[in-house]
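Have a look at the structure below before the remarks.
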Amino acid sequence: MSWAAVYLILAIVLEVGGTTSMKLSMGFTRLVPSISIFVFYSLAFVFLTLSLKKLELSTAYAIWSGLGTFLVAMIGVYYFHEPMNAIKLASLFLIIFGIVGLKVG
């Protein structure tokens, strides 16, 4: 695996951490999750930028945003007990198929 792929994976994990921290911050009323939003997103953008030295912008951004969306949705379902139905699940898999299509294309 190239360093660009490692940087992209780190960017995705950090973006998911930042988005999850948004929920945990309770509208910026809890200090640590509120600060975590900015730390996670800053680092996510650093690693996304580093990954773009070797990866195509369209592919890297699609992977970053698509997998981030998928992972955040799964965290919402399993950790925050948000509802999941067939349409939501199918839509998430369409995101994944779209990412694969961009990578193959």
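Residues in the structure tokens are named by chain (A, B, ... in the order shown) and by number from 1 within that chain; ligands are numbered from 1 in the order shown.
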Self-check item: Near-Leu102 of chain A list (12 Å; only C-alpha atoms; drop same-chain fewer than 5 positions) as number ranges by chain
Solution: A: 56-63, 66, 95-97
Practice problem: Within chain A, find each residue whose DSSP state, derived from the backbone, is alpha helix (DSSP H), and express the selection as number ranges by chain. | Solution: A: 3-24, 31-51, 57-78, 86-104
Identify, on the basis of only C-alpha atoms, every residue whose closest approach to segment 17-27 of chain A does not exceed 12 Å; exclude the query and any residue fewer than 5 positions from it along the same chain; express the result as a PDB file with N, CA and C atoms, in the first residue's frame.
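part_7.pdb was written with the following content:
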```
ATOM      1  N   LEU A  10      -6.130   7.562   6.802  1.00  0.00           N
ATOM      2  CA  LEU A  10      -6.056   8.397   8.008  1.00  0.00           C
ATOM      3  C   LEU A  10      -7.012   9.589   7.897  1.00  0.00           C
ATOM      4  N   ALA A  11      -7.081  10.198   6.727  1.00  0.00           N
ATOM      5  CA  ALA A  11      -7.988  11.332   6.513  1.00  0.00           C
ATOM      6  C   ALA A  11      -9.439  10.911   6.715  1.00  0.00           C
ATOM      7  N   ILE A  12      -9.791   9.733   6.234  1.00  0.00           N
ATOM      8  CA  ILE A  12     -11.157   9.227   6.389  1.00  0.00           C
ATOM      9  C   ILE A  12     -11.471   8.983   7.862  1.00  0.00           C
ATOM     10  N   VAL A  32     -14.722  18.943  25.458  1.00  0.00           N
ATOM     11  CA  VAL A  32     -13.783  18.038  24.785  1.00  0.00           C
ATOM     12  C   VAL A  32     -14.267  17.639  23.387  1.00  0.00           C
ATOM     13  N   PRO A  33     -15.502  17.204  23.219  1.00  0.00           N
ATOM     14  CA  PRO A  33     -15.936  16.898  21.850  1.00  0.00           C
ATOM     15  C   PRO A  33     -15.934  18.130  20.939  1.00  0.00           C
ATOM     16  N   SER A  34     -16.207  19.303  21.491  1.00  0.00           N
ATOM     17  CA  SER A  34     -16.199  20.530  20.686  1.00  0.00           C
ATOM     18  C   SER A  34     -14.806  20.833  20.164  1.00  0.00           C
ATOM     19  N   ILE A  35     -13.819  20.699  21.014  1.00  0.00           N
ATOM     20  CA  ILE A  35     -12.426  20.907  20.591  1.00  0.00           C
ATOM     21  C   ILE A  35     -12.004  19.812  19.624  1.00  0.00           C
ATOM     22  N   SER A  36     -12.462  18.588  19.871  1.00  0.00           N
ATOM     23  CA  SER A  36     -12.111  17.452  19.018  1.00  0.00           C
ATOM     24  C   SER A  36     -12.562  17.646  17.571  1.00  0.00           C
ATOM     25  N   ILE A  37     -13.683  18.314  17.373  1.00  0.00           N
ATOM     26  CA  ILE A  37     -14.155  18.576  16.014  1.00  0.00           C
ATOM     27  C   ILE A  37     -13.056  19.256  15.207  1.00  0.00           C
ATOM     28  N   PHE A  38     -12.503  20.320  15.750  1.00  0.00           N
ATOM     29  CA  PHE A  38     -11.513  21.110  15.032  1.00  0.00           C
ATOM     30  C   PHE A  38     -10.184  20.372  14.884  1.00  0.00           C
ATOM     31  N   VAL A  39      -9.798  19.618  15.898  1.00  0.00           N
ATOM     32  CA  VAL A  39      -8.558  18.850  15.826  1.00  0.00           C
ATOM     33  C   VAL A  39      -8.683  17.762  14.760  1.00  0.00           C
ATOM     34  N   PHE A  40      -9.762  16.983  14.816  1.00  0.00           N
ATOM     35  CA  PHE A  40      -9.943  15.894  13.852  1.00  0.00           C
ATOM     36  C   PHE A  40     -10.051  16.412  12.424  1.00  0.00           C
ATOM     37  N   TYR A  41     -10.842  17.456  12.209  1.00  0.00           N
ATOM     38  CA  TYR A  41     -11.003  17.974  10.844  1.00  0.00           C
ATOM     39  C   TYR A  41      -9.723  18.607  10.328  1.00  0.00           C
ATOM     40  N   SER A  42      -8.982  19.311  11.178  1.00  0.00           N
ATOM     41  CA  SER A  42      -7.707  19.887  10.734  1.00  0.00           C
ATOM     42  C   SER A  42      -6.752  18.801  10.282  1.00  0.00           C
ATOM     43  N   LEU A  43      -6.622  17.760  11.086  1.00  0.00           N
ATOM     44  CA  LEU A  43      -5.735  16.651  10.718  1.00  0.00           C
ATOM     45  C   LEU A  43      -6.256  15.904   9.495  1.00  0.00           C
ATOM     46  N   ALA A  44      -7.571  15.769   9.370  1.00  0.00           N
ATOM     47  CA  ALA A  44      -8.144  15.096   8.202  1.00  0.00           C
ATOM     48  C   ALA A  44      -7.767  15.840   6.928  1.00  0.00           C
ATOM     49  N   PHE A  45      -7.855  17.159   6.956  1.00  0.00           N
ATOM     50  CA  PHE A  45      -7.498  17.944   5.768  1.00  0.00           C
ATOM     51  C   PHE A  45      -6.001  17.882   5.477  1.00  0.00           C
ATOM     52  N   SER A  65     -15.043  11.301   0.908  1.00  0.00           N
ATOM     53  CA  SER A  65     -16.395  11.697   1.303  1.00  0.00           C
ATOM     54  C   SER A  65     -17.353  10.514   1.328  1.00  0.00           C
ATOM     55  N   GLY A  68     -16.438   8.136   4.232  1.00  0.00           N
ATOM     56  CA  GLY A  68     -16.758   8.868   5.449  1.00  0.00           C
ATOM     57  C   GLY A  68     -18.254   8.874   5.710  1.00  0.00           C
ATOM     58  N   THR A  69     -19.034   9.111   4.657  1.00  0.00           N
ATOM     59  CA  THR A  69     -20.491   9.095   4.784  1.00  0.00           C
ATOM     60  C   THR A  69     -20.981   7.727   5.217  1.00  0.00           C
ATOM     61  N   PHE A  70     -20.463   6.694   4.587  1.00  0.00           N
ATOM     62  CA  PHE A  70     -20.862   5.324   4.922  1.00  0.00           C
ATOM     63  C   PHE A  70     -20.536   4.998   6.380  1.00  0.00           C
ATOM     64  N   LEU A  71     -19.325   5.304   6.807  1.00  0.00           N
ATOM     65  CA  LEU A  71     -18.911   4.987   8.175  1.00  0.00           C
ATOM     66  C   LEU A  71     -19.691   5.794   9.210  1.00  0.00           C
ATOM     67  N   VAL A  72     -19.935   7.069   8.920  1.00  0.00           N
ATOM     68  CA  VAL A  72     -20.714   7.890   9.853  1.00  0.00           C
ATOM     69  C   VAL A  72     -22.140   7.348   9.959  1.00  0.00           C
ATOM     70  N   ALA A  73     -22.707   6.923   8.840  1.00  0.00           N
ATOM     71  CA  ALA A  73     -24.058   6.345   8.882  1.00  0.00           C
ATOM     72  C   ALA A  73     -24.077   5.075   9.733  1.00  0.00           C
ATOM     73  N   MET A  74     -23.049   4.249   9.613  1.00  0.00           N
ATOM     74  CA  MET A  74     -22.986   3.024  10.409  1.00  0.00           C
ATOM     75  C   MET A  74     -22.807   3.347  11.886  1.00  0.00           C
ATOM     76  N   ILE A  75     -22.004   4.349  12.200  1.00  0.00           N
ATOM     77  CA  ILE A  75     -21.850   4.774  13.592  1.00  0.00           C
ATOM     78  C   ILE A  75     -23.180   5.292  14.122  1.00  0.00           C
ATOM     79  N   GLY A  76     -23.897   6.046  13.296  1.00  0.00           N
ATOM     80  CA  GLY A  76     -25.211   6.542  13.698  1.00  0.00           C
ATOM     81  C   GLY A  76     -26.166   5.422  14.046  1.00  0.00           C
ATOM     82  N   TYR A  79     -24.112   3.138  17.167  1.00  0.00           N
ATOM     83  CA  TYR A  79     -23.744   3.817  18.407  1.00  0.00           C
ATOM     84  C   TYR A  79     -24.852   4.743  18.910  1.00  0.00           C
ATOM     85  N   PHE A  80     -25.488   5.467  17.984  1.00  0.00           N
ATOM     86  CA  PHE A  80     -26.518   6.423  18.377  1.00  0.00           C
ATOM     87  C   PHE A  80     -27.928   5.884  18.171  1.00  0.00           C
TER      88      PHE A  80
END
```
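Pairwise distance (atom CA of Leu55 of chain A, atom CA of Tyr7 of chain A) equals 10.4 Å.
Atom CA of Leu67 of chain A lies 16.0 Å from atom CA of Ala4 of chain A.
Residues lying within 10 Å of Lys54 of chain A, counting only C-alpha atoms and ignoring same-chain neighbours fewer than 4 positions away, are Ser2, Trp3, Ala4, Ala5, Thr49, Leu50 and Ala60 of chain A.
Minimum distance to Ile99 of chain A across A:Ile9, A:Val77, A:Ile87, A:Trp64 (counting only C-alpha atoms) occurs at A:Trp64.
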Practice problem: For atom CA of Val13 of chain A and atom CA of Val46 of chain A, quote the distance in Å rounded to one decimal. | Solution: 12.5 Å
